[in-house]
Amino acid sequence: MNEPWSKRHKADFKGCKYSLSNSFAEPLSHTELIKYTKDKDLLNLYNDHDLTYIPNGGSMDLRKDIARVVYDSKLSAENILVFPGGQVAIQNASLAFAAGCHSIVFTPGYQSTVESPGWASNSEGITIIERSPDNDWQIDPSELRAAIKANTKYMIINEPHNPGGIVMSKELQKEVIEICREHGIIILCDEVYRLLEHSPAQTRITAMANAYEKGISCVTMSKPWGGCGISVGWLACSDLSMIQKLVDIQYFGCACISRASEIQGRMVLAASDAILEDRRNIILKNKELLQNFIEEKYPQWFSWKRPNAGAITFVKFLGPWTSEELGDHLREASISIKPTYCFIENVTPSLEKYFRVGFGEAKFHLALEALDKVQLKLLELKSENGRSSYDDRPVL
């Protein structure tokens, strides 16, 4: 198991006043959640609940709410397995289904979605496919077909894509599923940004747990609803035998969360539509600010593939610095970004200038204003062999 890719980022950017790094929607406060909650029984339950262990995999009431709200009752409570966040859920899925087979993963991406199949016992290797901005960060079906081996039985994808901020089309999703169905490949889809599509009616795709009989959906409260501190995530799957395999793996790890978190999770789901609308409005407002910043004010310094889902995007710096070097400069202005090394083990030349920007928080404009004050447009960047000169510093 490798060191966390974000470990250096957390150390280097610790204490920065302005963050362009955060990937979640505007965080909920408990006070705000109370105001959203119209069901007095839920409030009473939160104020008067037992502190006994809850069932492994989550209490039935929370699982029923998840099935009803997120999966339109096309799944039942038995198809849902609750975890303390999405990270542990991804690990459990890989331990359950990547053992004894070859797996396919994609970069750039969240480290667990890339490396976790290798943590499974008797893993028979991983093929890593690099997504490209030239293809709008989309999966290339021809590359997928070429990567499949006789022993390929597990694949992890991330839709909407992190860090690209773009969701695959409905047609592409169908094609990917058909390819995997042909070869009996299980798909784990990290769907933490699903429900935060910028135009849901046009771009939302079916949850993988609903779309494919060997599909698993991974979701967490932190991204769409801003319930970061609730620490509730889950896996959903229509195949109960696959759920049982996950239950067996979960037994030896983080088997249950707190009852308080469960009830807060139920409160979020009860007000899901209102919370999502509010968070989406913040994201769309910030996206407009970022679009103006990149496309109108500083097109000579930045480019992007305009995102259509989630609260993140992968931005390319067009100057002579890599994103790591840009981050070093911006840190001096107390601005945090997430360079490419947070999303890929070995940074390739095609991706070295990219950094992720998170624009889900209400205070995002302050960080963008701080970046504007660096006056990148006025810099006279010097280049040595196409790389940076560390004698240059942003004008503050």
# chains A, B, ... in the order shown; residues from 1 in each chain; ligands from 1
$ select_by_dssp --residues "segment 130-365 of chain A" --states "strand (DSSP E or B)" --output "ChimeraX atom specification"
/A:130,152-158,186-190,197,215-220,233-237,302-304,309,312-317,335-336,338-339,354-358
$ residues_around --residues "Leu371 of chain A" --least-positions-apart "5" --cutoff "9 Å" --atoms "only C-alpha atoms" --output "VMD selection string"
chain A and resid 18 330 333 335 366 376
$ residues_around --residues "Ser169 of chain A" --least-positions-apart "5" --cutoff "9 Å" --atoms "only C-alpha atoms" --output "NGL selection string"
:A and (138 or 174 or 203-205)
$ atom_distance --atom1 "atom CA of Cys228 of chain A" --atom2 "atom CA of Asp39 of chain A"
21.9 Å
$ closest_residue --among "A:Tyr193, A:Ile128, A:Lys363, A:Glu324" --to "Leu351 of chain A" --atoms "only C-alpha atoms"
A:Glu324
$ closest_residue --among "A:Ala311, A:Ser199, A:Gly58, A:Pro108" --to "Thr340 of chain A" --atoms "only C-alpha atoms"
A:Pro108
$ atom_distance --atom1 "atom CA of Ile129 of chain A" --atom2 "atom CA of His183 of chain A"
17.8 Å
$ residues_around --residues "segment 237-250 of chain A" --least-positions-apart "5" --cutoff "7 Å" --atoms "only C-alpha atoms" --output "JSON, numbers by chain"
{"A": [75, 79, 80, 92, 93, 96, 209, 210, 213, 214, 215, 216, 217, 255]}
$ residues_around --residues "Pro141 of chain A" --least-positions-apart "3" --cutoff "12 Å" --atoms "only C-alpha atoms" --output "ChimeraX atom specification"
/A:129,131,135,138,144-148,168,171-180
$ write_last_selection --atoms "C-alpha atoms" --output "PDB file, in the first residue's frame"
ATOM      1  CA  ILE A 129      -6.218   3.625 -18.218  1.00  0.00           C
ATOM      2  CA  ARG A 131      -8.421   9.600 -19.088  1.00  0.00           C
ATOM      3  CA  ASN A 135     -11.831  13.312 -24.801  1.00  0.00           C
ATOM      4  CA  GLN A 138     -14.419  10.408 -20.775  1.00  0.00           C
ATOM      5  CA  LEU A 144     -11.498  -0.409 -22.223  1.00  0.00           C
ATOM      6  CA  ARG A 145     -11.909  -3.330 -24.618  1.00  0.00           C
ATOM      7  CA  ALA A 146      -8.155  -3.478 -25.202  1.00  0.00           C
ATOM      8  CA  ALA A 147      -7.479  -3.653 -21.445  1.00  0.00           C
ATOM      9  CA  ILE A 148      -9.755  -6.628 -20.772  1.00  0.00           C
ATOM     10  CA  MET A 168     -20.411  10.389 -18.949  1.00  0.00           C
ATOM     11  CA  GLU A 171     -25.091   6.359 -24.336  1.00  0.00           C
ATOM     12  CA  LEU A 172     -21.544   5.865 -23.095  1.00  0.00           C
ATOM     13  CA  GLN A 173     -22.794   4.385 -19.837  1.00  0.00           C
ATOM     14  CA  LYS A 174     -24.832   1.814 -21.774  1.00  0.00           C
ATOM     15  CA  GLU A 175     -21.834   0.926 -23.927  1.00  0.00           C
ATOM     16  CA  VAL A 176     -19.531   0.496 -20.913  1.00  0.00           C
ATOM     17  CA  ILE A 177     -22.099  -1.723 -19.198  1.00  0.00           C
ATOM     18  CA  GLU A 178     -22.551  -3.865 -22.297  1.00  0.00           C
ATOM     19  CA  ILE A 179     -18.786  -4.371 -22.603  1.00  0.00           C
ATOM     20  CA  CYS A 180     -18.594  -5.452 -18.956  1.00  0.00           C
TER      21      CYS A 180
END
